Amino acid sequence: MDFRLTDEQVARRKEIYKVCEELDKKKPKSWLGFESPFDNEEGWAFHRYCAKEFAKRGWLALSWPKEYGGTGTMMDKVLLAEARGYYDLPGSDIFGISMLAPTLIAAGSEELKKEFLPKIANAEIMFCELWSEPNAGSDLAALTASAIKKGDEFIVNGQKTWNTGAHYADWAFGVYKSDPNAKKHHNLTFILCDMKSKGITVKGIPYMNGAHVYNEVYLDDVHMPAKYVVGQENEGWAVVNVLAGFERSNIDMVMGLVRGVEDLVKFCNENKRDGKPLAHDPMIRNKIADLAASVEAVRTLAYRVADQQNRNEMGLMDAAAVKIFASELLEKFGQISTDILGPYGQVKQSKFAKLNGTAEYNYQACFVPIVSMGTNEIQRNIIAWYGLGLPRMK
Amino acid sequence: MDFRLTDEQVARRKEIYKVCEELDKKKPKSWLGFESPFDNEEGWAFHRYCAKEFAKRGWLALSWPKEYGGTGTMMDKVLLAEARGYYDLPGSDIFGISMLAPTLIAAGSEELKKEFLPKIANAEIMFCELWSEPNAGSDLAALTASAIKKGDEFIVNGQKTWNTGAHYADWAFGVYKSDPNAKKHHNLTFILCDMKSKGITVKGIPYMNGAHVYNEVYLDDVHMPAKYVVGQENEGWAVVNVLAGFERSNIDMVMGLVRGVEDLVKFCNENKRDGKPLAHDPMIRNKIADLAASVEAVRTLAYRVADQQNRNEMGLMDAAAVKIFASELLEKFGQISTDILGPYGQVKQSKFAKLNGTAEYNYQACFVPIVSMGTNEIQRNIIAWYGLGLPRMK
Amino acid sequence: MDLRFTEQQEILKKSARDFLTKECPKAKVRELEKDPKGYDPALWQKMAELGWLGFNIPEDYEGMGYSFEDLNMHIEEVGKNILPGPYISTVVNTFAIVAEGTEEQKKEFLPKISNGQLILTLAWLEENGQFDASGITLKAAHKGNDFVLNGTKMFVDSAHVSNYMIVIARTKDGAGEDGITAFLVDSKSAGLKTEVIPTIAADHLCEVVFKDVAVSAKNVLGKVDKGWAILQMLVRKGSILKSAESLGGLQAVVDMTIAYSKERVQYDRPIGAFQALQHKMSDMWISMGTSKYLLYEAAWMESEGMPSAKEASMTKAYINEAYKLVSALGVKLHGGIGTSSDHDVPLYYRRAKAADTVYGSTDFHREMVAQQIGLK
Amino acid sequence: MDLRFTEQQEILKKSARDFLTKECPKAKVRELEKDPKGYDPALWQKMAELGWLGFNIPEDYEGMGYSFEDLNMHIEEVGKNILPGPYISTVVNTFAIVAEGTEEQKKEFLPKISNGQLILTLAWLEENGQFDASGITLKAAHKGNDFVLNGTKMFVDSAHVSNYMIVIARTKDGAGEDGITAFLVDSKSAGLKTEVIPTIAADHLCEVVFKDVAVSAKNVLGKVDKGWAILQMLVRKGSILKSAESLGGLQAVVDMTIAYSKERVQYDRPIGAFQALQHKMSDMWISMGTSKYLLYEAAWMESEGMPSAKEASMTKAYINEAYKLVSALGVKLHGGIGTSSDHDVPLYYRRAKAADTVYGSTDFHREMVAQQIGLK
């Protein structure tokens with residue numbers, strides 16, 4: 001077993017961290033975390049700015065095949081995610097970079113690859129996802145939004161929900177019921193769509209803290225050219241499964257926790273209660289040490305996933321474990337850090353806040369990773385069924 | 001709302017506590033807790049001794065109808081359980097007193113009541129239960145031990161398991177499949193049986209700590225007179241349901257926790273680490289205070305159950321809540337108290353032990369209440385289905 | 001022993017429920033979160049007319065003279081619905097005047113409070129965020145018989161709309177319990193400045209800066225230097241009543257989660273049929289059951305004038321944690337919809353965190369319990 | 001980066017598994033719990049023949065000279081099976097001689113250990129149960145160049161069958177880290193008395209009473225008064241290797257629980273089909289996954305000679321808790337059968353508790369972590 005990076009990787013990491021450290025200094029004042037790119041213009045502009053900076057260096061096409069502009073290795077990609085996580089930076093479009101690009105590479109037509117991969121790599125267009133529906137959350141097979149073929153177009157109608165970022169995104173990928181008579185799993189089509197198309201209405205769903213991240217997206221006779229179908233018509237389910245296979249190592253979320261613990265240590269060293277640094281409180285020491293150990297545990301497991309992916313193994317179960325553990329650790333981190341702040345734990349980003357209000361922020365924002373991308377409950381089912389081979393009750 | 005006892009109850013409580021305090025002084029040295037009556041002769045003898053002492057005072061027939069020798073009220077019964085719990089005393093046969101007697105009163109023939117209730121009230125005979133089978137644990141409907149009627153007897157064959165105390169008990173109540181052709185829930189018969197009957201073989205199942213509590217009981221052509229059937233032939237399922245309705249308030253288990261916390265406080269005051277009383281350790285203070293609050297929470301809920309039972313309401317869901325919460329609190333108590341003892345947490349009752357080895361004892365014995373009398377998982381199902389009205393998946 | 005609500009309590013609960021359902025729907029709750037005042041004066045007047053603000057004020061001072069236990073049951077219902085504004089704070093602080101006020105103070109303040117004309121808040125915590133006596137550093141200097149206050153108080157509930165505040169200040173050098181005095185300070189006093197702090201529950205807690213604020217000797221509550229005991233009483237009663245509010249919220253979350261799980265269909269069945277969710281809801285329900293009687297016992301003891309410091313602290317510590325846990329489970333069991341501010345469950349989730357440190361955090365109260373159960 | 005086992009490690013793991021499956025079935029484990037010696041000398045010899053006792057001894061002293069990481073993987077397999085006796089203890093203690101022993105000591109002890117002729121234990125803890133330097137009070141008085149030991153050591157693994165013990169004693173007044181010396185003491189020395197303590201894992205920990213036990217100056221390990229650093233090294237390496245054993249046990253519990261849940265039928269289906277149980281098993285599995293790479297990283301760093309105190313303490317603190325939690329879940333998911341000593345799962349449950357304080361408890365290691373991550 002070898003946890004060591006190669007000399008090249010060490011150099012690459014240094015370079016990446018340097019760029020990220022510089023970008024960190026340019027963060028808008030309102031920045032709080034992973035909701036910030038979507039919550040306001042300032043956040044979105046910073047997201048695009050970081051993306052352009054990364055694109056300039058070829059870092060948005062890391063690990064892609066050379067013929068589509070690919071640069072670097074899978075491990076380089078992990079290193080970028082690591083640095084972004086540590087500095088809490090956006091700039092990597094989760095939908096375009098992490099989900100759609102590998103799906104196109106694996107299942108897209110040559111035309112689609114040629115049209116979209118360069119735009120993604122250059123941060124020209126940002127994607128969003130038209131996926132869940134009001135009655136199809138965890139249970140995607142229940143979706144009803146329809147795409148009816150008419151000539152060389154699909155006419156799409158329906159309502160998508162829990163969309164992230166449609167109010168800013170340029171393009172969307174989505175999945176629709178294209179053949180109401182076909183059997184389950186053979187009646188869906190996966191289509192790309194310009195968000196400026198006629199008939200698309202985006203309506204925000206405010207997050208519990210008021211942030212604008214999620215949307216309802218209403219599709220009313222939206223014309224989507226058939227050339228934007230990924231994979232085969234009516235075989236979108238297969239594409240969905242390909243896409244689901246590109247789970248991320250979640251190293252960025254984990255590194256956010258690493259940084260969070262560092263900041264908390266610093267805060268406890270520098271702030272006093274009753275004349276003594278908070279760091280002298282044995283209960284605080286115990287809790288932060290426990291957090292630090294848990295963070296290190298999931299950090300090493302995230303590397304295990306990265307290492308598998310680097311060898312073109314999927315590591316899907318380990319990735320699910322990282323997703324569950326890290327998101328619930330974020331919840332615990334929110335609890336512990338707000339507790340340590342005492343009455344200041346409830347204070348939002350403002351001149352009154354400690355730790356720039358991030359404790360209060362995480363106390364609410366933690367549900368985003370817990371509930372999205374397959375809720376943790378669904379992830380636990382998946383581990384039980386596919387990882388542990390436990391029987392599925394009918 | 002009124003938490004106060006009446007003057008009479010206060011006087012009765014005083015009397016009961018006095019008797020229990022005296023009995024406490026006569027405990028054998030090997031005594032450890034609720035497994036002790038079954039684990040060795042000394043424990044069983046003390047169980048019978050306490051039972052006789054209680055019987056002498058009429059305390060084993062508390063709340064029974066007068067015509068069967070009943071004395072006192074339901075609340076008196078709660079007060080005895082409370083005192084027994086606090087002093088960690090046996091003497092109330094859970095099978096005879098808590099389960100069979102109320103079942104006989106509700107569903108037994110006049111003959112059975114006259115024959116058995118006085119013997120139970122006088123602590124002449126102790127009962128055990130022939131219930132679970134190797135393939136019928138939580139799922140009682142799956143049982144296969146058979147009772148075939150032949151004249152005025154049933155010939156019983158089969159294997160019962162997870163029996164508590166058959167190696168000492170005088171009589172048993174059990175449930176058997178009496179009509180292999182009848183429909184589910186109309187094919188069981190509930191029969192009493194003398195444990196000295198021919199054809200009964202008892203084989204111990206050692207508990208994880210080596211204690212002898214549980215048994216396999218093999219029934220090989222055991223003749224059980226038909227007059228010992230409780231309820232109707234083939235309608236034992238109805239009797240089982242009556243019996244299941246007599247959930248206890250579990251106040252005795254809760255009071256064991258009350259006492260446990262008191263002992264732990266005393267220990268931490270009297271024992272030093274690094275020159276300071278353990279009680280000065282902020283983490284120990286926090287954990288014990290948390291335990292104490294949880295114990296008080298479940299103590300008050302147990303009184304809520306007692307109060308309902310005192311008014312002939314069942315309070316089954318609250319009783320299930322007390323059972324789940326108290327047993328898992330005992331597990332937590334075992335964890336925290338062994339942790340506080342440091343390396344001494346692993347030491348068994350001996351001259352080397354702290355707290356007479358009870359921390360180590362509870363660390364293992366806690367699974368008895370968690371897994372028995374309907375595992376906590378089953379209890380959670382029951383609360384969900386019958387208490388919260390959630391749908392049962394087929 | 002009789003652990004049922006009395007008929008009177010059932011009526012009180014029902015009338016609170018009916019009133020708030022009508023007068024304070026969730027749309028109003030959301031509106032008031034954004035409202036600069038944070039409460040609705042018209043609603044406040046209606047509450048006063050119903051006697052809500054005089055529940056714990058003796059009849060001699062135009063109050064209702066209800067028992068503490070009745071008040072507790074009432075506030076549980078209030079918590080179930082959510083009622084933004086300084087209601088609980090005013091009611092709890094009133095106890096200080098009822099118990100420790102001079103006849104003159106009682107006559108001046110109590111009828112006004114009861115009639116809805118006086119909002120009374122408590123200026124206790126400071127920038128150090130401590131709950132113990134050494135946290136009190138705001139200085140009240142003697143000036144003849146009167147006093148001059150200088151310093152800053154934090155997390156003062158609705159100070160900006162309050163009429164008076166009980167200010168806990170230091171009248172003697174040192175950091176101990178002795179030398180602390182409680183003052184009744186006019187919120188419009190010269191030199192007093194309030195600013196609303198943005199908080200998770202948008203509950204209009206304020207920073208209050210005192211710059212040479214003059215307070216007359218007649219506005220000392222109780223005895224000079226002996227104010228810590230008054231605060232302790234407020235903390236004890238406030239811990240119980242704040243827990244009642246939290247328990248109400250906890251129950252609302254349990255109810256709405258169970259109801260949602262019966263309606264929401266996924267994979268062709270209500271999600272409430274999934275065992276993993278059932279067990280979580282059972283646990284939420286158990287958490288509610290254990291919280292309830294712990295609270296009722298503390299409220300009963302306080303009502304009966306029995307020493308209840310231990311039970312009050314146990315209750316606050318226990319229900320603090322139960323409410324946070326249950327409301328987080330509520331969010332998670334609702335899935336996506338539970339994370340939207342359009343849904344009611346996060347209203348409770350955010351309030352659970354806010355309730356957490358009101359009248360003392362979990363760890364503070366555990367330390368109180370540790371002392372009460374005899375840990376050296 | 002390559003987080004796979006090497007081929008060498010896979011072979012080591014398989015051979016350990018095959019050997020123990022054959023030579024140390026659970027029947028033997030149960031037998032040895034009751035055996036007065038607590039280990040099987042014949043089995044010990046076979047282990048020695050396979051080189052197990054010399055894994056971490058340089059080839060110059062008749063050992064195998066394997067890396068720490070290889071040893072770690074091997075011990076994980078040992079933990080999976082359970083191997084009663086002072087194996088891990090002897091191997092860990094050997095590091096003290098390898099690293100700090102004089103050439104003479106190395107020549108005297110290492111070949112014997114490697115050949116299975118010398119069981120080496122560690123006499124560290126005392127009746128105060130403390131893990132820090134102030135817990136060391138056993139007095140080693142200077143007598144010319146030699147020493148005389150008086151005092152009592154507790155929880156000394158298999159002292160009664162050991163040949164030598166490393167005794168951590170105080171050679172200078174005070175309670176600090178300076179003035180502590182490590183001695184190699186013959187377990188048969190005059191004045192030394194051992195008695196087995198009954199423990200949850202029946203693992204033959206002993207009380208050792210020293211009454212005027214004479215120890216020659218040549219048996220000082222390292223420098224006089226500077227023994228605390230040696231103990232710290234043993235604690236660091238021991239924490240990692242003990243965690244490896246625990247992780248093995250944790251995996252065994254996960255495996256047997258999943259297997260049982262697929263076999264055991266209730267309500268006409270395997271209990272593994274019930275979602276509440278599935279989610280618990282998923283959590284057990286996640287606990288295993290997070291434990292694994294934390295341990296492997298610590299072992300790798302230790303193997304590479306990198307500073308690993310932080311990672312070692314994180315590993316011990318984390319796996320202590322994971323093993324206790326997972327084995328308790330294992331018992332509960334098995335239901336009744338899981339509570340019987342006839343079943344294997346309680347063998348692990350009991351050992352999880354025993355492992356807990358070996359080389360330092362969770363709270364001790366969290367404090368080490370707190371220091372390492374820079375908390376003042």
# chains A, B, ... in the order shown; residues from 1 in each chain; ligands from 1
$ residues_around --residues "A:Ala306" --least-positions-apart "6" --cutoff "8 Å" --atoms "only C-alpha atoms" --output "MDAnalysis selection string"
chainID A and resid 74:75 78 249
$ interface_residues --of "chain D" --to "chain C" --cutoff "9 Å" --atoms "only C-alpha atoms" --output "count of residues only"
6
$ residues_around --residues "A:Arg299" --least-positions-apart "6" --cutoff "8 Å" --atoms "only C-alpha atoms" --output "mmCIF file with C-alpha atoms, in the first residue's frame"
data_model
loop_
_atom_site.group_PDB
_atom_site.id
_atom_site.type_symbol
_atom_site.label_atom_id
_atom_site.label_comp_id
_atom_site.auth_asym_id
_atom_site.auth_seq_id
_atom_site.Cartn_x
_atom_site.Cartn_y
_atom_site.Cartn_z
ATOM 1 C CA ILE A 251 -13.031 14.640 -1.799
ATOM 2 C CA VAL A 254 -14.261 16.055 2.748
ATOM 3 C CA MET A 255 -11.613 18.736 2.326
#
$ interface_residues --of "chain D" --to "chain B" --cutoff "8 Å" --atoms "only C-alpha atoms" --output "CSV table (one decimal) with C-alpha atoms, in the first residue's frame"
chain,number,residue,atom,x,y,z
D,128,ASN,CA,-4.7,4.5,39.5
D,129,GLY,CA,-5.6,3.4,36.0
D,130,GLN,CA,-4.0,6.4,34.5
D,134,SER,CA,1.8,10.9,36.6
D,135,GLY,CA,0.3,7.5,36.8
D,155,PHE,CA,-3.5,-5.2,33.7
D,197,ILE,CA,-7.6,-10.6,37.1
D,198,PRO,CA,-11.0,-11.9,35.9
D,199,THR,CA,-11.9,-9.7,32.9
D,200,ILE,CA,-14.6,-9.4,30.3
D,201,ALA,CA,-12.5,-11.1,27.6
D,265,VAL,CA,-36.0,-16.6,8.1
D,266,GLN,CA,-38.8,-14.9,10.1
D,267,TYR,CA,-42.2,-13.9,8.7
D,332,LYS,CA,-28.6,-7.1,18.5
D,335,GLY,CA,-31.2,-11.4,18.4
D,336,GLY,CA,-31.3,-14.1,21.1
D,339,THR,CA,-26.4,-13.2,23.3
D,340,SER,CA,-25.2,-16.8,23.9
D,341,SER,CA,-21.7,-17.7,24.6
D,342,ASP,CA,-22.2,-20.6,22.2
D,346,PRO,CA,-20.2,-12.2,21.8
D,347,LEU,CA,-16.5,-13.3,21.6
D,353,LYS,CA,-14.5,-3.7,25.3
D,354,ALA,CA,-11.2,-5.3,26.4
D,357,THR,CA,-8.2,0.6,27.0
D,358,VAL,CA,-5.2,-1.4,25.7
D,361,SER,CA,-8.5,4.6,26.0
$ select_by_dssp --residues "stretch 86-326 of chain A" --states "helix (DSSP H, G or I)" --output "number ranges by chain"
A: 86-87, 94-107, 110-121, 140-142, 226-228, 236-245, 251-270, 278-280, 282-310, 316-326
$ write_last_selection --atoms "C-alpha atoms" --output "tab-separated table (two decimals), in the first residue's frame"
chain	number	residue	atom	x	y	z
A	86	TYR	CA	-9.96	23.03	1.06
A	87	TYR	CA	-10.34	26.62	-0.16
A	94	ILE	CA	-20.89	19.56	-11.07
A	95	PHE	CA	-23.43	18.91	-13.84
A	96	GLY	CA	-21.25	19.63	-16.83
A	97	ILE	CA	-17.88	18.44	-15.57
A	98	SER	CA	-18.73	15.67	-13.12
A	99	MET	CA	-21.82	14.20	-14.68
A	100	LEU	CA	-22.45	15.06	-18.30
A	101	ALA	CA	-18.91	15.08	-19.70
A	102	PRO	CA	-18.05	11.50	-18.65
A	103	THR	CA	-21.52	10.41	-19.78
A	104	LEU	CA	-20.99	11.93	-23.22
A	105	ILE	CA	-17.55	10.35	-23.42
A	106	ALA	CA	-19.04	6.94	-22.56
A	107	ALA	CA	-22.39	7.09	-24.33
A	110	GLU	CA	-19.33	11.73	-31.90
A	111	GLU	CA	-21.26	14.86	-32.90
A	112	LEU	CA	-22.37	15.58	-29.38
A	113	LYS	CA	-18.88	15.06	-28.02
A	114	LYS	CA	-17.41	17.42	-30.55
A	115	GLU	CA	-20.05	20.05	-29.94
A	116	PHE	CA	-20.21	20.01	-26.16
A	117	LEU	CA	-16.96	18.76	-24.68
A	118	PRO	CA	-14.88	21.76	-25.77
A	119	LYS	CA	-17.53	24.17	-24.49
A	120	ILE	CA	-17.55	22.41	-21.14
A	121	ALA	CA	-13.76	22.31	-20.99
A	140	LEU	CA	-37.14	8.06	-10.85
A	141	ALA	CA	-39.09	5.41	-12.73
A	142	ALA	CA	-42.27	7.22	-11.71
A	226	ALA	CA	-33.50	15.09	-31.74
A	227	LYS	CA	-29.80	15.51	-32.40
A	228	TYR	CA	-29.41	16.37	-28.73
A	236	GLY	CA	-32.45	6.89	-21.56
A	237	TRP	CA	-32.57	4.58	-18.56
A	238	ALA	CA	-29.29	3.04	-19.71
A	239	VAL	CA	-27.76	6.52	-19.98
A	240	VAL	CA	-29.06	7.35	-16.50
A	241	ASN	CA	-27.26	4.31	-15.20
A	242	VAL	CA	-24.04	5.27	-16.95
A	243	LEU	CA	-24.30	8.71	-15.40
A	244	ALA	CA	-25.05	7.31	-11.95
A	245	GLY	CA	-21.86	5.34	-12.28
A	251	ILE	CA	-13.03	14.64	-1.80
A	252	ASP	CA	-14.10	18.30	-2.12
A	253	MET	CA	-16.75	17.92	0.60
A	254	VAL	CA	-14.26	16.06	2.75
A	255	MET	CA	-11.61	18.74	2.33
A	256	GLY	CA	-14.17	21.33	3.35
A	257	LEU	CA	-14.39	19.42	6.61
A	258	VAL	CA	-10.60	19.31	6.94
A	259	ARG	CA	-10.52	23.07	6.59
A	260	GLY	CA	-13.50	23.45	8.92
A	261	VAL	CA	-11.69	21.61	11.70
A	262	GLU	CA	-8.58	23.73	11.17
A	263	ASP	CA	-10.63	26.91	11.42
A	264	LEU	CA	-12.36	25.63	14.54
A	265	VAL	CA	-9.02	24.84	16.21
A	266	LYS	CA	-7.79	28.32	15.40
A	267	PHE	CA	-10.98	29.88	16.72
A	268	CYS	CA	-10.78	27.94	20.00
A	269	ASN	CA	-7.17	28.93	20.46
A	270	GLU	CA	-7.86	32.60	19.87
A	278	LEU	CA	-11.90	27.77	24.59
A	279	ALA	CA	-9.21	25.28	23.63
A	280	HIS	CA	-8.63	24.57	27.32
A	282	PRO	CA	-11.72	19.39	28.00
A	283	MET	CA	-15.10	18.74	26.38
A	284	ILE	CA	-14.29	20.98	23.45
A	285	ARG	CA	-10.91	19.28	23.04
A	286	ASN	CA	-12.56	15.88	23.10
A	287	LYS	CA	-15.23	16.80	20.56
A	288	ILE	CA	-12.87	18.47	18.11
A	289	ALA	CA	-10.42	15.59	18.35
A	290	ASP	CA	-13.26	13.17	17.65
A	291	LEU	CA	-14.30	15.25	14.64
A	292	ALA	CA	-10.72	15.41	13.40
A	293	ALA	CA	-10.37	11.63	13.58
A	294	SER	CA	-13.65	11.09	11.75
A	295	VAL	CA	-12.65	13.57	9.07
A	296	GLU	CA	-9.34	11.81	8.61
A	297	ALA	CA	-11.13	8.48	8.39
A	298	VAL	CA	-13.38	9.62	5.57
A	299	ARG	CA	-10.55	11.49	3.91
A	300	THR	CA	-8.56	8.28	3.61
A	301	LEU	CA	-11.62	6.44	2.31
A	302	ALA	CA	-12.19	9.16	-0.29
A	303	TYR	CA	-8.62	8.56	-1.44
A	304	ARG	CA	-9.39	4.91	-1.66
A	305	VAL	CA	-12.23	5.80	-4.06
A	306	ALA	CA	-9.96	8.12	-6.02
A	307	ASP	CA	-7.34	5.40	-6.21
A	308	GLN	CA	-9.91	2.95	-7.57
A	309	GLN	CA	-11.21	5.45	-10.10
A	310	ASN	CA	-7.66	6.18	-11.11
A	316	LEU	CA	-19.35	2.76	-6.24
A	317	MET	CA	-20.03	1.33	-2.80
A	318	ASP	CA	-17.07	3.09	-1.22
A	319	ALA	CA	-18.19	6.29	-2.94
A	320	ALA	CA	-21.66	5.86	-1.45
A	321	ALA	CA	-20.07	5.33	1.95
A	322	VAL	CA	-18.08	8.56	1.57
A	323	LYS	CA	-21.19	10.47	0.50
A	324	ILE	CA	-23.24	9.24	3.47
A	325	PHE	CA	-20.49	9.60	6.03
A	326	ALA	CA	-19.16	12.98	4.91
$ atom_distance --atom1 "atom CA of C:Thr257" --atom2 "atom CA of C:Glu245"
18.6 Å
$ select_by_dssp --residues "stretch 39-225 of chain A" --states "strand (DSSP E)" --output "PyMOL selection string"
chain A and resi 127-130+146-150+153-164+171-177+188-194+200-206+212-225
